[in-house]
Amino acid sequence: MPLELITTDERCEAVDRLITRGFVERVDDAYVSVNVLALAIIERAALPAQFRMEWNAAKASWPGLTPPTSS
């Protein structure tokens, strides 16, 4: 989701979630560094079906805002 469409608190929460999952590391109070492994792009079809089902279930049960999808 574009950063212009979310609040500062939502932005901070998103960064905290990325840090928790190991995608980024905090450099200081204002900056984060992206983990090189997080940049690997995996085609959806290459993911195991079980993982995709669990991912979709987690997304469906998440109480937060759902980002718009492109059609």
# chains A, B, ... in the order shown; residues from 1 in each chain; ligands from 1
$ residues_around --residues "A:Val32" --least-positions-apart "4" --cutoff "12 Å" --atoms "only C-alpha atoms" --output "PyMOL selection string"
chain A and resi 12+15-16+18-19+22-28
$ write_last_selection --atoms "N, CA and C atoms" --output "PDB file, in the first residue's frame"
ATOM      1  N   CYS A  12       4.320   2.991  11.217  1.00  0.00           N
ATOM      2  CA  CYS A  12       5.204   2.459  12.263  1.00  0.00           C
ATOM      3  C   CYS A  12       4.869   1.006  12.571  1.00  0.00           C
ATOM      4  N   VAL A  15       6.257  -1.194   9.800  1.00  0.00           N
ATOM      5  CA  VAL A  15       7.707  -1.362   9.934  1.00  0.00           C
ATOM      6  C   VAL A  15       8.018  -2.348  11.052  1.00  0.00           C
ATOM      7  N   ASP A  16       7.316  -2.223  12.171  1.00  0.00           N
ATOM      8  CA  ASP A  16       7.533  -3.157  13.285  1.00  0.00           C
ATOM      9  C   ASP A  16       7.235  -4.592  12.864  1.00  0.00           C
ATOM     10  N   LEU A  18       7.483  -5.811   9.804  1.00  0.00           N
ATOM     11  CA  LEU A  18       8.568  -6.231   8.913  1.00  0.00           C
ATOM     12  C   LEU A  18       9.823  -6.585   9.699  1.00  0.00           C
ATOM     13  N   ILE A  19      10.104  -5.810  10.745  1.00  0.00           N
ATOM     14  CA  ILE A  19      11.263  -6.096  11.594  1.00  0.00           C
ATOM     15  C   ILE A  19      11.073  -7.440  12.287  1.00  0.00           C
ATOM     16  N   GLY A  22      11.759 -10.282  10.098  1.00  0.00           N
ATOM     17  CA  GLY A  22      13.117 -10.374   9.592  1.00  0.00           C
ATOM     18  C   GLY A  22      13.336  -9.792   8.199  1.00  0.00           C
ATOM     19  N   PHE A  23      12.350  -9.059   7.671  1.00  0.00           N
ATOM     20  CA  PHE A  23      12.510  -8.480   6.340  1.00  0.00           C
ATOM     21  C   PHE A  23      13.380  -7.234   6.362  1.00  0.00           C
ATOM     22  N   VAL A  24      13.316  -6.478   7.460  1.00  0.00           N
ATOM     23  CA  VAL A  24      14.146  -5.278   7.596  1.00  0.00           C
ATOM     24  C   VAL A  24      14.774  -5.267   8.979  1.00  0.00           C
ATOM     25  N   GLU A  25      15.844  -4.477   9.110  1.00  0.00           N
ATOM     26  CA  GLU A  25      16.517  -4.303  10.397  1.00  0.00           C
ATOM     27  C   GLU A  25      16.604  -2.812  10.675  1.00  0.00           C
ATOM     28  N   ARG A  26      16.355  -2.421  11.920  1.00  0.00           N
ATOM     29  CA  ARG A  26      16.398  -1.008  12.278  1.00  0.00           C
ATOM     30  C   ARG A  26      17.849  -0.524  12.295  1.00  0.00           C
ATOM     31  N   VAL A  27      18.094   0.585  11.596  1.00  0.00           N
ATOM     32  CA  VAL A  27      19.412   1.211  11.584  1.00  0.00           C
ATOM     33  C   VAL A  27      19.478   2.253  12.690  1.00  0.00           C
ATOM     34  N   ASP A  28      18.455   3.094  12.790  1.00  0.00           N
ATOM     35  CA  ASP A  28      18.303   4.069  13.860  1.00  0.00           C
ATOM     36  C   ASP A  28      16.825   4.417  13.965  1.00  0.00           C
TER      37      ASP A  28
END
$ select_by_dssp --residues "chain A" --states "helix (DSSP H, G or I)" --output "PyMOL selection string"
chain A and resi 3-5+8-20+36-39+44-46+49-61
$ residues_around --residues "stretch 51-66 of chain A" --least-positions-apart "6" --cutoff "12 Å" --atoms "only C-alpha atoms" --output "list in words"
Met1, Leu5, Ile6, Thr7, Glu10, Glu13, Ala14, Glu43, Arg44 and Ala45 of chain A
$ write_last_selection --atoms "all heavy atoms" --output "PDB file, in the first residue's frame"
ATOM      1  N   MET A   1       0.845  -1.163   0.000  1.00  0.00           N
ATOM      2  CA  MET A   1       0.000   0.000   0.000  1.00  0.00           C
ATOM      3  C   MET A   1       0.896   1.233   0.000  1.00  0.00           C
ATOM      4  O   MET A   1       1.867   1.280   0.742  1.00  0.00           O
ATOM      5  CB  MET A   1      -0.917  -0.027   1.216  1.00  0.00           C
ATOM      6  CG  MET A   1      -1.737   1.233   1.363  1.00  0.00           C
ATOM      7  SD  MET A   1      -2.941   1.148   2.690  1.00  0.00           S
ATOM      8  CE  MET A   1      -4.158   0.128   1.912  1.00  0.00           C
ATOM      9  N   LEU A   5      -1.188   6.772   1.781  1.00  0.00           N
ATOM     10  CA  LEU A   5      -2.566   6.409   2.113  1.00  0.00           C
ATOM     11  C   LEU A   5      -2.737   5.887   3.534  1.00  0.00           C
ATOM     12  O   LEU A   5      -3.848   5.557   3.935  1.00  0.00           O
ATOM     13  CB  LEU A   5      -3.080   5.357   1.126  1.00  0.00           C
ATOM     14  CG  LEU A   5      -3.109   5.782  -0.342  1.00  0.00           C
ATOM     15  CD1 LEU A   5      -3.611   4.652  -1.213  1.00  0.00           C
ATOM     16  CD2 LEU A   5      -3.966   7.030  -0.529  1.00  0.00           C
ATOM     17  N   ILE A   6      -1.636   5.801   4.305  1.00  0.00           N
ATOM     18  CA  ILE A   6      -1.754   5.301   5.673  1.00  0.00           C
ATOM     19  C   ILE A   6      -1.244   6.348   6.653  1.00  0.00           C
ATOM     20  O   ILE A   6      -0.473   7.242   6.296  1.00  0.00           O
ATOM     21  CB  ILE A   6      -1.002   3.963   5.858  1.00  0.00           C
ATOM     22  CG1 ILE A   6       0.501   4.116   5.593  1.00  0.00           C
ATOM     23  CG2 ILE A   6      -1.593   2.882   4.975  1.00  0.00           C
ATOM     24  CD1 ILE A   6       1.309   2.857   5.877  1.00  0.00           C
ATOM     25  N   THR A   7      -1.681   6.234   7.891  1.00  0.00           N
ATOM     26  CA  THR A   7      -1.277   7.179   8.928  1.00  0.00           C
ATOM     27  C   THR A   7       0.136   6.860   9.411  1.00  0.00           C
ATOM     28  O   THR A   7       0.674   5.785   9.134  1.00  0.00           O
ATOM     29  CB  THR A   7      -2.235   7.115  10.133  1.00  0.00           C
ATOM     30  OG1 THR A   7      -2.084   5.838  10.768  1.00  0.00           O
ATOM     31  CG2 THR A   7      -3.677   7.335   9.714  1.00  0.00           C
ATOM     32  N   GLU A  10       0.086   3.718  11.476  1.00  0.00           N
ATOM     33  CA  GLU A  10       0.000   2.515  10.641  1.00  0.00           C
ATOM     34  C   GLU A  10       1.344   2.223   9.990  1.00  0.00           C
ATOM     35  O   GLU A  10       1.741   1.064   9.862  1.00  0.00           O
ATOM     36  CB  GLU A  10      -1.074   2.694   9.567  1.00  0.00           C
ATOM     37  CG  GLU A  10      -2.488   2.686  10.119  1.00  0.00           C
ATOM     38  CD  GLU A  10      -3.517   3.082   9.087  1.00  0.00           C
ATOM     39  OE1 GLU A  10      -3.224   3.943   8.218  1.00  0.00           O
ATOM     40  OE2 GLU A  10      -4.625   2.529   9.137  1.00  0.00           O
ATOM     41  N   GLU A  13       3.581   0.689  12.610  1.00  0.00           N
ATOM     42  CA  GLU A  13       3.163  -0.697  12.859  1.00  0.00           C
ATOM     43  C   GLU A  13       3.639  -1.611  11.736  1.00  0.00           C
ATOM     44  O   GLU A  13       4.124  -2.721  11.982  1.00  0.00           O
ATOM     45  CB  GLU A  13       1.644  -0.785  12.980  1.00  0.00           C
ATOM     46  CG  GLU A  13       1.165  -2.197  13.235  1.00  0.00           C
ATOM     47  CD  GLU A  13      -0.350  -2.306  13.290  1.00  0.00           C
ATOM     48  OE1 GLU A  13      -1.041  -1.282  13.363  1.00  0.00           O
ATOM     49  OE2 GLU A  13      -0.833  -3.447  13.257  1.00  0.00           O
ATOM     50  N   ALA A  14       3.533  -1.143  10.494  1.00  0.00           N
ATOM     51  CA  ALA A  14       3.984  -1.948   9.355  1.00  0.00           C
ATOM     52  C   ALA A  14       5.486  -2.216   9.442  1.00  0.00           C
ATOM     53  O   ALA A  14       5.945  -3.329   9.200  1.00  0.00           O
ATOM     54  CB  ALA A  14       3.634  -1.244   8.048  1.00  0.00           C
ATOM     55  N   GLU A  43       7.716 -16.825  -7.377  1.00  0.00           N
ATOM     56  CA  GLU A  43       6.437 -16.903  -8.082  1.00  0.00           C
ATOM     57  C   GLU A  43       5.423 -17.612  -7.200  1.00  0.00           C
ATOM     58  O   GLU A  43       5.738 -18.600  -6.547  1.00  0.00           O
ATOM     59  CB  GLU A  43       6.601 -17.669  -9.394  1.00  0.00           C
ATOM     60  CG  GLU A  43       7.442 -16.947 -10.426  1.00  0.00           C
ATOM     61  CD  GLU A  43       6.775 -15.667 -10.923  1.00  0.00           C
ATOM     62  OE1 GLU A  43       5.534 -15.612 -11.001  1.00  0.00           O
ATOM     63  OE2 GLU A  43       7.512 -14.714 -11.216  1.00  0.00           O
ATOM     64  N   ARG A  44       4.194 -17.093  -7.182  1.00  0.00           N
ATOM     65  CA  ARG A  44       3.138 -17.676  -6.358  1.00  0.00           C
ATOM     66  C   ARG A  44       2.952 -19.159  -6.653  1.00  0.00           C
ATOM     67  O   ARG A  44       2.765 -19.968  -5.746  1.00  0.00           O
ATOM     68  CB  ARG A  44       1.839 -16.917  -6.588  1.00  0.00           C
ATOM     69  CG  ARG A  44       0.686 -17.391  -5.758  1.00  0.00           C
ATOM     70  CD  ARG A  44      -0.520 -16.484  -5.933  1.00  0.00           C
ATOM     71  NE  ARG A  44      -1.685 -17.031  -5.296  1.00  0.00           N
ATOM     72  CZ  ARG A  44      -1.973 -16.926  -4.015  1.00  0.00           C
ATOM     73  NH1 ARG A  44      -1.147 -16.290  -3.214  1.00  0.00           N
ATOM     74  NH2 ARG A  44      -3.074 -17.451  -3.520  1.00  0.00           N
ATOM     75  N   ALA A  45       3.022 -19.531  -7.908  1.00  0.00           N
ATOM     76  CA  ALA A  45       2.819 -20.936  -8.286  1.00  0.00           C
ATOM     77  C   ALA A  45       3.915 -21.844  -7.722  1.00  0.00           C
ATOM     78  O   ALA A  45       3.703 -23.041  -7.566  1.00  0.00           O
ATOM     79  CB  ALA A  45       2.760 -21.064  -9.802  1.00  0.00           C
TER      80      ALA A  45
END
$ select_by_dssp --residues "chain A" --states "strand (DSSP E)" --output "PyMOL selection string"
chain A and resi 24-26+32-34
$ closest_residue --among "A:Arg17, A:Arg11, A:Gln50, A:Glu4" --to "A:Ala30" --atoms "only C-alpha atoms"
A:Arg11
